[in-house]
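Chemist: PDB, C-alpha atoms and all ligand atoms, file final.pdb:
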```
ATOM      1  CA  MET A 158      17.150   6.389  -6.746  1.00  0.00           C
ATOM      2  CA  SER A 159      16.644   7.057  -3.095  1.00  0.00           C
ATOM      3  CA  LYS A 160      17.874   9.277  -0.344  1.00  0.00           C
ATOM      4  CA  LYS A 161      17.484   9.145   3.420  1.00  0.00           C
ATOM      5  CA  ILE A 162      16.961  12.466   5.151  1.00  0.00           C
ATOM      6  CA  ASP A 163      16.973  13.024   8.910  1.00  0.00           C
ATOM      7  CA  LEU A 164      13.983  14.939  10.195  1.00  0.00           C
ATOM      8  CA  THR A 165      15.273  16.245  13.488  1.00  0.00           C
ATOM      9  CA  SER A 166      12.438  18.696  14.022  1.00  0.00           C
ATOM     10  CA  GLU A 167       8.975  19.412  12.683  1.00  0.00           C
ATOM     11  CA  GLN A 168      10.600  22.266  10.775  1.00  0.00           C
ATOM     12  CA  ASP A 169      12.686  19.721   8.817  1.00  0.00           C
ATOM     13  CA  THR A 170       9.484  18.023   7.686  1.00  0.00           C
ATOM     14  CA  ILE A 171       8.023  21.396   6.728  1.00  0.00           C
ATOM     15  CA  ASP A 172      11.190  22.170   4.743  1.00  0.00           C
ATOM     16  CA  LEU A 173      10.886  18.823   2.977  1.00  0.00           C
ATOM     17  CA  ALA A 174       7.311  19.636   1.975  1.00  0.00           C
ATOM     18  CA  HIS A 175       8.414  23.051   0.758  1.00  0.00           C
ATOM     19  CA  TYR A 176      11.007  21.414  -1.422  1.00  0.00           C
ATOM     20  CA  ILE A 177       8.675  18.774  -2.826  1.00  0.00           C
ATOM     21  CA  ALA A 178       5.588  20.933  -3.463  1.00  0.00           C
ATOM     22  CA  PRO A 179       6.901  22.598  -6.662  1.00  0.00           C
ATOM     23  CA  LEU A 180       7.712  19.162  -8.149  1.00  0.00           C
ATOM     24  CA  LEU A 181       4.055  18.123  -8.015  1.00  0.00           C
ATOM     25  CA  GLY A 182       1.103  18.784 -10.265  1.00  0.00           C
ATOM     26  CA  PRO A 183      -1.967  17.050 -11.680  1.00  0.00           C
ATOM     27  CA  GLY A 184      -1.070  13.401 -12.195  1.00  0.00           C
ATOM     28  CA  SER A 185       1.375  13.285  -9.304  1.00  0.00           C
ATOM     29  CA  VAL A 186       0.850  10.537  -6.781  1.00  0.00           C
ATOM     30  CA  VAL A 187       2.801  10.443  -3.557  1.00  0.00           C
ATOM     31  CA  PRO A 188       2.559   7.217  -1.547  1.00  0.00           C
ATOM     32  CA  LEU A 189       3.440   7.816   2.112  1.00  0.00           C
ATOM     33  CA  SER A 190       4.445   4.810   4.169  1.00  0.00           C
ATOM     34  CA  GLY A 191       5.510   4.496   7.770  1.00  0.00           C
ATOM     35  CA  ASP A 192       4.013   3.439  11.077  1.00  0.00           C
ATOM     36  CA  LEU A 193       1.342   5.282  12.977  1.00  0.00           C
ATOM     37  CA  GLY A 194       2.790   8.528  14.294  1.00  0.00           C
ATOM     38  CA  SER A 195       5.723   8.606  11.885  1.00  0.00           C
ATOM     39  CA  GLY A 196       4.672  11.956  10.404  1.00  0.00           C
ATOM     40  CA  LYS A 197       2.697  11.182   7.239  1.00  0.00           C
ATOM     41  CA  THR A 198      -0.257  13.422   8.012  1.00  0.00           C
ATOM     42  CA  PHE A 199       2.013  16.124   9.396  1.00  0.00           C
ATOM     43  CA  PHE A 200       3.828  16.143   6.063  1.00  0.00           C
ATOM     44  CA  VAL A 201       0.556  16.462   4.126  1.00  0.00           C
ATOM     45  CA  LYS A 202      -0.504  19.422   6.265  1.00  0.00           C
ATOM     46  CA  ALA A 203       2.741  21.188   5.381  1.00  0.00           C
ATOM     47  CA  LEU A 204       2.482  20.210   1.734  1.00  0.00           C
ATOM     48  CA  GLY A 205      -1.027  21.609   1.584  1.00  0.00           C
ATOM     49  CA  SER A 206       0.066  24.968   2.883  1.00  0.00           C
ATOM     50  CA  PHE A 207       2.755  25.188   0.170  1.00  0.00           C
ATOM     51  CA  LEU A 208       0.099  24.357  -2.421  1.00  0.00           C
ATOM     52  CA  GLY A 209      -1.885  27.350  -1.229  1.00  0.00           C
ATOM     53  CA  ILE A 210      -4.505  25.406   0.685  1.00  0.00           C
ATOM     54  CA  THR A 211      -5.835  27.533   3.497  1.00  0.00           C
ATOM     55  CA  GLU A 212      -8.319  25.007   4.849  1.00  0.00           C
ATOM     56  CA  GLU A 213      -7.227  22.918   7.820  1.00  0.00           C
ATOM     57  CA  ILE A 214      -5.934  19.538   6.663  1.00  0.00           C
ATOM     58  CA  ASP A 215      -6.627  16.736   9.083  1.00  0.00           C
ATOM     59  CA  SER A 216      -6.244  13.006   8.993  1.00  0.00           C
ATOM     60  CA  PRO A 217      -8.570  11.124   6.653  1.00  0.00           C
ATOM     61  CA  SER A 218      -8.160   7.844   8.581  1.00  0.00           C
ATOM     62  CA  PHE A 219     -11.835   7.568   9.441  1.00  0.00           C
ATOM     63  CA  VAL A 220     -13.223   8.783   6.137  1.00  0.00           C
ATOM     64  CA  LEU A 221     -10.641   7.319   3.715  1.00  0.00           C
ATOM     65  CA  LEU A 222     -10.561  10.484   1.645  1.00  0.00           C
ATOM     66  CA  LYS A 223     -10.437  14.223   2.097  1.00  0.00           C
ATOM     67  CA  GLU A 224     -10.187  16.597  -0.789  1.00  0.00           C
ATOM     68  CA  TYR A 225      -9.190  20.229  -0.990  1.00  0.00           C
ATOM     69  CA  HIS A 226     -10.008  22.441  -3.919  1.00  0.00           C
ATOM     70  CA  CYS A 227      -8.884  25.821  -2.720  1.00  0.00           C
ATOM     71  CA  GLY A 228      -5.193  25.548  -3.603  1.00  0.00           C
ATOM     72  CA  ARG A 229      -3.210  25.698  -6.832  1.00  0.00           C
ATOM     73  CA  PHE A 230      -4.294  22.151  -7.721  1.00  0.00           C
ATOM     74  CA  PRO A 231      -6.860  19.832  -6.225  1.00  0.00           C
ATOM     75  CA  LEU A 232      -5.309  17.819  -3.396  1.00  0.00           C
ATOM     76  CA  TYR A 233      -6.682  14.356  -2.640  1.00  0.00           C
ATOM     77  CA  HIS A 234      -5.563  12.934   0.673  1.00  0.00           C
ATOM     78  CA  LEU A 235      -6.272   9.239   1.065  1.00  0.00           C
ATOM     79  CA  ASP A 236      -5.707   6.921   4.002  1.00  0.00           C
ATOM     80  CA  LEU A 237      -6.195   3.300   2.965  1.00  0.00           C
ATOM     81  CA  TYR A 238      -5.568   1.731   6.361  1.00  0.00           C
ATOM     82  CA  ARG A 239      -9.147   0.497   6.680  1.00  0.00           C
ATOM     83  CA  LEU A 240      -9.631  -0.450   3.065  1.00  0.00           C
ATOM     84  CA  LYS A 241      -9.927  -4.158   2.314  1.00  0.00           C
ATOM     85  CA  THR A 242      -9.968  -4.538  -1.448  1.00  0.00           C
ATOM     86  CA  GLU A 243      -8.726  -2.837  -4.557  1.00  0.00           C
ATOM     87  CA  ASP A 244     -12.334  -2.626  -5.757  1.00  0.00           C
ATOM     88  CA  GLU A 245     -13.175  -0.353  -2.829  1.00  0.00           C
ATOM     89  CA  LEU A 246     -10.323   1.856  -3.901  1.00  0.00           C
ATOM     90  CA  MET A 247     -11.658   2.019  -7.436  1.00  0.00           C
ATOM     91  CA  ASP A 248     -15.122   2.848  -6.090  1.00  0.00           C
ATOM     92  CA  LEU A 249     -13.644   5.917  -4.425  1.00  0.00           C
ATOM     93  CA  GLY A 250     -12.817   7.189  -7.920  1.00  0.00           C
ATOM     94  CA  VAL A 251      -9.095   7.103  -7.428  1.00  0.00           C
ATOM     95  CA  LEU A 252      -8.266   7.085 -11.137  1.00  0.00           C
ATOM     96  CA  ASP A 253     -10.139  10.341 -11.701  1.00  0.00           C
ATOM     97  CA  MET A 254      -8.373  11.859  -8.720  1.00  0.00           C
ATOM     98  CA  ILE A 255      -4.974  10.905 -10.060  1.00  0.00           C
ATOM     99  CA  GLU A 256      -5.821  12.527 -13.353  1.00  0.00           C
ATOM    100  CA  SER A 257      -7.113  15.790 -11.996  1.00  0.00           C
ATOM    101  CA  GLY A 258      -4.925  16.606  -9.036  1.00  0.00           C
ATOM    102  CA  ILE A 259      -2.176  15.680  -6.625  1.00  0.00           C
ATOM    103  CA  THR A 260      -2.955  12.455  -4.797  1.00  0.00           C
ATOM    104  CA  VAL A 261      -1.199  11.629  -1.544  1.00  0.00           C
ATOM    105  CA  ILE A 262      -1.830   8.190  -0.095  1.00  0.00           C
ATOM    106  CA  GLU A 263      -1.195   7.045   3.460  1.00  0.00           C
ATOM    107  CA  TRP A 264      -1.024   3.238   3.870  1.00  0.00           C
ATOM    108  CA  PRO A 265      -0.689   2.832   0.089  1.00  0.00           C
ATOM    109  CA  ARG A 266      -0.258  -0.953  -0.063  1.00  0.00           C
ATOM    110  CA  LEU A 267      -3.620  -1.593  -1.769  1.00  0.00           C
ATOM    111  CA  ALA A 268      -2.890   1.071  -4.364  1.00  0.00           C
ATOM    112  CA  GLN A 269       0.434  -0.435  -5.425  1.00  0.00           C
ATOM    113  CA  GLU A 270      -0.905  -1.903  -8.655  1.00  0.00           C
ATOM    114  CA  ILE A 271      -2.574   1.228  -9.901  1.00  0.00           C
ATOM    115  CA  LEU A 272       0.122   3.733  -9.101  1.00  0.00           C
ATOM    116  CA  PRO A 273       1.597   5.530 -12.085  1.00  0.00           C
ATOM    117  CA  TYR A 274       5.210   4.825 -12.864  1.00  0.00           C
ATOM    118  CA  GLU A 275       6.429   8.274 -11.946  1.00  0.00           C
ATOM    119  CA  THR A 276       5.878   8.511  -8.251  1.00  0.00           C
ATOM    120  CA  LEU A 277       7.844  10.120  -5.517  1.00  0.00           C
ATOM    121  CA  ARG A 278       7.646   7.741  -2.596  1.00  0.00           C
ATOM    122  CA  LEU A 279       8.172   8.765   0.980  1.00  0.00           C
ATOM    123  CA  GLU A 280       8.763   6.269   3.757  1.00  0.00           C
ATOM    124  CA  PHE A 281       8.759   7.842   7.191  1.00  0.00           C
ATOM    125  CA  GLY A 282      10.409   6.180  10.141  1.00  0.00           C
ATOM    126  CA  PHE A 283      11.069   6.853  13.770  1.00  0.00           C
ATOM    127  CA  GLU A 284      12.808   5.254  16.681  1.00  0.00           C
ATOM    128  CA  ASP A 285      13.125   6.853  20.110  1.00  0.00           C
ATOM    129  CA  SER A 286      13.449  10.539  19.335  1.00  0.00           C
ATOM    130  CA  LYS A 287      15.015  10.052  15.902  1.00  0.00           C
ATOM    131  CA  ARG A 288      12.972  10.578  12.753  1.00  0.00           C
ATOM    132  CA  TRP A 289      13.823  10.210   9.125  1.00  0.00           C
ATOM    133  CA  VAL A 290      12.334   9.816   5.674  1.00  0.00           C
ATOM    134  CA  LEU A 291      13.461   7.715   2.781  1.00  0.00           C
ATOM    135  CA  VAL A 292      12.630   9.459  -0.482  1.00  0.00           C
ATOM    136  CA  SER A 293      12.665   7.416  -3.658  1.00  0.00           C
ATOM    137  CA  ALA A 294      11.756   8.290  -7.203  1.00  0.00           C
ATOM    138  CA  GLU A 295      12.031   7.302 -10.806  1.00  0.00           C
ATOM    139  CA  ASP A 296      14.411   9.045 -13.182  1.00  0.00           C
ATOM    140  CA  SER A 297      12.010  11.748 -14.233  1.00  0.00           C
ATOM    141  CA  LEU A 298      12.096  13.181 -10.721  1.00  0.00           C
ATOM    142  CA  LYS A 299      15.841  13.068 -10.414  1.00  0.00           C
ATOM    143  CA  GLU A 300      15.999  16.841  -9.894  1.00  0.00           C
ATOM    144  CA  PHE A 301      14.991  16.046  -6.334  1.00  0.00           C
ATOM    145  CA  PHE A 302      18.298  14.310  -5.736  1.00  0.00           C
ATOM    146  CA  GLU A 303      20.566  16.927  -7.238  1.00  0.00           C
TER     147      GLU A 303
HETATM  148  N1  LIG B 401      10.123  15.870  12.606  1.00  0.00           N
HETATM  149  C1  LIG B 401       8.809  15.629  12.677  1.00  0.00           C
HETATM  150  N2  LIG B 401       8.088  15.432  11.539  1.00  0.00           N
HETATM  151  C2  LIG B 401       6.770  15.157  11.601  1.00  0.00           C
HETATM  152  N3  LIG B 401       6.056  15.062  12.736  1.00  0.00           N
HETATM  153  C3  LIG B 401       6.704  15.255  13.892  1.00  0.00           C
HETATM  154  C4  LIG B 401       8.092  15.556  13.911  1.00  0.00           C
HETATM  155  N4  LIG B 401       8.459  15.678  15.199  1.00  0.00           N
HETATM  156  C5  LIG B 401       7.358  15.480  15.933  1.00  0.00           C
HETATM  157  N5  LIG B 401       6.286  15.240  15.165  1.00  0.00           N
HETATM  158  C6  LIG B 401       4.925  14.960  15.663  1.00  0.00           C
HETATM  159  O1  LIG B 401       4.651  13.605  15.384  1.00  0.00           O
HETATM  160  C7  LIG B 401       3.285  13.426  15.066  1.00  0.00           C
HETATM  161  C8  LIG B 401       3.140  12.666  13.757  1.00  0.00           C
HETATM  162  O2  LIG B 401       1.782  12.345  13.598  1.00  0.00           O
HETATM  163  P1  LIG B 401       1.093  12.097  12.194  1.00  0.00           P
HETATM  164  O3  LIG B 401       1.646  13.026  11.189  1.00  0.00           O
HETATM  165  O4  LIG B 401      -0.360  12.127  12.441  1.00  0.00           O
HETATM  166  O5  LIG B 401       1.581  10.615  11.874  1.00  0.00           O
HETATM  167  P2  LIG B 401       0.976   9.557  10.851  1.00  0.00           P
HETATM  168  O6  LIG B 401       0.063  10.262   9.903  1.00  0.00           O
HETATM  169  O7  LIG B 401       2.196   8.969  10.180  1.00  0.00           O
HETATM  170  O8  LIG B 401       0.282   8.538  11.692  1.00  0.00           O
HETATM  171  C9  LIG B 401       2.656  14.809  14.973  1.00  0.00           C
HETATM  172  O9  LIG B 401       1.926  15.000  16.171  1.00  0.00           O
HETATM  173  C10 LIG B 401       3.836  15.761  14.955  1.00  0.00           C
HETATM  174  O10 LIG B 401       3.557  16.956  15.639  1.00  0.00           O
HETATM  175 MG    MG B 402      -1.947   9.809   9.302  1.00  0.00          MG
END
```
Produce structure tokens that represent the structure in this file.
Modeler:
Amino acid sequence: MSKKIDLTSEQDTIDLAHYIAPLLGPGSVVPLSGDLGSGKTFFVKALGSFLGITEEIDSPSFVLLKEYHCGRFPLYHLDLYRLKTEDELMDLGVLDMIESGITVIEWPRLAQEILPYETLRLEFGFEDSKRWVLVSAEDSLKEFFE
């Protein structure tokens, strides 16, 4: 199942995060795809605030991983752009993260094989001043589409 949503302003992306936050809990993994500047990190910042995280969330591109433990659940924010192998991903302890908290993954290609079945995937896109997101999910998350 999938649905394309226009994100005509930053507020639309914030609203999307508000809507998605209550669907997530420990074990949830949210792969975020889309080119540089498409709004992945912006979405995670908004998501974090709806999870009760008061710390500033910033891009993990240079450090691969940032984690936040001050919200309702641990939030693990990964950016795999610079990662070369699946082994490196395992060395980060990604399986433990998935078990204990909400894991959001920018540039998730290398994580494809280890993702749990029930993921809510977000693919952000933009062209000129238009922005959108394609949300797709398995059946168990179908409440999102109702
Ligand atoms: N509707 C929107 N949704 C998300 N970001 C937006 C939107 N409109 C403008 N922006 C801006 O676009 C930029 C997206 O950057 P970022 O989230 O870092 O992208 P990415 O992580 O995908 O590389 C932010 O500076 C944000 O302020
Ligand atoms: Mg980013």
Chemist: Please compute the atom CA of A:Lys160-atom CA of A:Leu277 distance, one decimal, in Å.
Modeler: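 Atom CA of A:Leu277 lies at a distance of 11.3 Å from atom CA of A:Lys160.
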Chemist: Pick out the closest residue to ligand MG 402 (chain B) from this set: A:Ser166, A:Ser190, A:Ser293, A:Ser159. Count only C-alpha atoms and all ligand atoms.
Modeler: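 Distance minimum relative to ligand MG 402 (chain B) lands on A:Ser190.
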Chemist: Find the residues near ligand LIG 401 (chain B). Use a cut-off of 9 Å, count all atoms listed in the file, and write them as number ranges by chain.
Modeler: A: 163-171, 189-202, 215-216, 218, 236, 263, 281-282, 286-289
Chemist: Please dump the current selection as an mmCIF file, in the frame of the given file; keep C-alpha atoms.
Modeler:
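Once everything was written out, this is selection_14.cif:
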```cif
data_model
loop_
_atom_site.group_PDB
_atom_site.id
_atom_site.type_symbol
_atom_site.label_atom_id
_atom_site.label_comp_id
_atom_site.auth_asym_id
_atom_site.auth_seq_id
_atom_site.Cartn_x
_atom_site.Cartn_y
_atom_site.Cartn_z
ATOM 1 C CA ASP A 163 16.973 13.024 8.910
ATOM 2 C CA LEU A 164 13.983 14.939 10.195
ATOM 3 C CA THR A 165 15.273 16.245 13.488
ATOM 4 C CA SER A 166 12.438 18.696 14.022
ATOM 5 C CA GLU A 167 8.975 19.412 12.683
ATOM 6 C CA GLN A 168 10.600 22.266 10.775
ATOM 7 C CA ASP A 169 12.686 19.721 8.817
ATOM 8 C CA THR A 170 9.484 18.023 7.686
ATOM 9 C CA ILE A 171 8.023 21.396 6.728
ATOM 10 C CA LEU A 189 3.440 7.816 2.112
ATOM 11 C CA SER A 190 4.445 4.810 4.169
ATOM 12 C CA GLY A 191 5.510 4.496 7.770
ATOM 13 C CA ASP A 192 4.013 3.439 11.077
ATOM 14 C CA LEU A 193 1.342 5.282 12.977
ATOM 15 C CA GLY A 194 2.790 8.528 14.294
ATOM 16 C CA SER A 195 5.723 8.606 11.885
ATOM 17 C CA GLY A 196 4.672 11.956 10.404
ATOM 18 C CA LYS A 197 2.697 11.182 7.239
ATOM 19 C CA THR A 198 -0.257 13.422 8.012
ATOM 20 C CA PHE A 199 2.013 16.124 9.396
ATOM 21 C CA PHE A 200 3.828 16.143 6.063
ATOM 22 C CA VAL A 201 0.556 16.462 4.126
ATOM 23 C CA LYS A 202 -0.504 19.422 6.265
ATOM 24 C CA ASP A 215 -6.627 16.736 9.083
ATOM 25 C CA SER A 216 -6.244 13.006 8.993
ATOM 26 C CA SER A 218 -8.160 7.844 8.581
ATOM 27 C CA ASP A 236 -5.707 6.921 4.002
ATOM 28 C CA GLU A 263 -1.195 7.045 3.460
ATOM 29 C CA PHE A 281 8.759 7.842 7.191
ATOM 30 C CA GLY A 282 10.409 6.180 10.141
ATOM 31 C CA SER A 286 13.449 10.539 19.335
ATOM 32 C CA LYS A 287 15.015 10.052 15.902
ATOM 33 C CA ARG A 288 12.972 10.578 12.753
ATOM 34 C CA TRP A 289 13.823 10.210 9.125
#
```
Chemist: Given the choices A:Pro231, A:Pro265, A:Pro273, A:Pro183, which gets closest to A:Ala294 if the distance is worked out from all atoms listed in the file?
Modeler: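 For A:Ala294, the nearest of the candidates is A:Pro273.
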Chemist: Tell me which residues the PyMOL selection byres (((chain A and resi 257) around 12) and not hetatm) grabs here, as an NGL selection string.
Modeler: :A and (182-186 or 224 or 226 or 229-233 or 250-256 or 258-260)
Chemist: So the first atom is atom CA of A:Met158 and the second is atom CA of A:Glu295; what is the distance between them in Å, to one decimal place?
Modeler: 6.6 Å
Chemist: Which neighbours of A:Ile177 fall inside 10 Å, counting all atoms listed in the file, when residues of the same chain fewer than 4 positions from it are skipped, and could you give them as a VMD selection string?
Modeler: chain A and resid 171 to 173 181 204 207 277 301
Chemist: Could you give me stretch 207-235 of chain A completed to N, CA and C atoms, formatted as a CSV table (one decimal), keeping the file's coordinate frame?
Modeler:
```
chain,number,residue,atom,x,y,z
A,207,PHE,N,1.9,24.7,1.3
A,207,PHE,CA,2.8,25.2,0.2
A,207,PHE,C,2.0,25.1,-1.2
A,208,LEU,N,0.9,24.4,-1.2
A,208,LEU,CA,0.1,24.4,-2.4
A,208,LEU,C,-1.0,25.4,-2.4
A,209,GLY,N,-0.9,26.2,-1.3
A,209,GLY,CA,-1.9,27.4,-1.2
A,209,GLY,C,-3.2,27.0,-0.6
A,210,ILE,N,-3.2,25.8,0.1
A,210,ILE,CA,-4.5,25.4,0.7
A,210,ILE,C,-4.6,26.1,2.1
A,211,THR,N,-5.7,26.8,2.2
A,211,THR,CA,-5.8,27.5,3.5
A,211,THR,C,-6.7,26.8,4.5
A,212,GLU,N,-7.5,25.8,4.0
A,212,GLU,CA,-8.3,25.0,4.8
A,212,GLU,C,-7.4,24.1,5.7
A,213,GLU,N,-7.9,23.8,6.9
A,213,GLU,CA,-7.2,22.9,7.8
A,213,GLU,C,-7.2,21.5,7.2
A,214,ILE,N,-6.0,20.9,7.1
A,214,ILE,CA,-5.9,19.5,6.7
A,214,ILE,C,-5.8,18.6,7.9
A,215,ASP,N,-6.8,17.7,8.0
A,215,ASP,CA,-6.6,16.7,9.1
A,215,ASP,C,-6.7,15.3,8.6
A,216,SER,N,-6.4,14.4,9.4
A,216,SER,CA,-6.2,13.0,9.0
A,216,SER,C,-7.5,12.4,8.4
A,217,PRO,N,-7.4,11.8,7.2
A,217,PRO,CA,-8.6,11.1,6.7
A,217,PRO,C,-8.7,9.7,7.1
A,218,SER,N,-8.1,9.3,8.2
A,218,SER,CA,-8.2,7.8,8.6
A,218,SER,C,-9.6,7.3,8.7
A,219,PHE,N,-10.5,8.1,9.2
A,219,PHE,CA,-11.8,7.6,9.4
A,219,PHE,C,-12.7,7.7,8.2
A,220,VAL,N,-12.4,8.5,7.3
A,220,VAL,CA,-13.2,8.8,6.1
A,220,VAL,C,-12.6,8.3,4.8
A,221,LEU,N,-11.4,7.8,4.9
A,221,LEU,CA,-10.6,7.3,3.7
A,221,LEU,C,-10.1,8.4,2.8
A,222,LEU,N,-10.9,9.5,2.6
A,222,LEU,CA,-10.6,10.5,1.6
A,222,LEU,C,-11.0,11.9,2.1
A,223,LYS,N,-10.1,12.8,2.0
A,223,LYS,CA,-10.4,14.2,2.1
A,223,LYS,C,-9.9,14.9,0.9
A,224,GLU,N,-10.7,15.9,0.4
A,224,GLU,CA,-10.2,16.6,-0.8
A,224,GLU,C,-10.3,18.1,-0.6
A,225,TYR,N,-9.3,18.8,-1.2
A,225,TYR,CA,-9.2,20.2,-1.0
A,225,TYR,C,-9.1,20.9,-2.4
A,226,HIS,N,-10.0,21.8,-2.6
A,226,HIS,CA,-10.0,22.4,-3.9
A,226,HIS,C,-9.7,23.9,-3.9
A,227,CYS,N,-9.1,24.4,-2.8
A,227,CYS,CA,-8.9,25.8,-2.7
A,227,CYS,C,-7.4,26.2,-3.0
A,228,GLY,N,-6.6,25.2,-3.3
A,228,GLY,CA,-5.2,25.5,-3.6
A,228,GLY,C,-4.9,25.6,-5.1
A,229,ARG,N,-3.6,25.6,-5.4
A,229,ARG,CA,-3.2,25.7,-6.8
A,229,ARG,C,-3.7,24.5,-7.7
A,230,PHE,N,-3.7,23.3,-7.1
A,230,PHE,CA,-4.3,22.2,-7.7
A,230,PHE,C,-5.2,21.5,-6.7
A,231,PRO,N,-6.1,20.6,-7.2
A,231,PRO,CA,-6.9,19.8,-6.2
A,231,PRO,C,-5.9,18.9,-5.5
A,232,LEU,N,-6.1,18.8,-4.2
A,232,LEU,CA,-5.3,17.8,-3.4
A,232,LEU,C,-6.2,16.7,-2.9
A,233,TYR,N,-5.9,15.5,-3.1
A,233,TYR,CA,-6.7,14.4,-2.6
A,233,TYR,C,-5.8,13.6,-1.6
A,234,HIS,N,-6.3,13.5,-0.4
A,234,HIS,CA,-5.6,12.9,0.7
A,234,HIS,C,-6.3,11.7,1.1
A,235,LEU,N,-5.7,10.5,0.8
A,235,LEU,CA,-6.3,9.2,1.1
A,235,LEU,C,-5.6,8.5,2.2
```
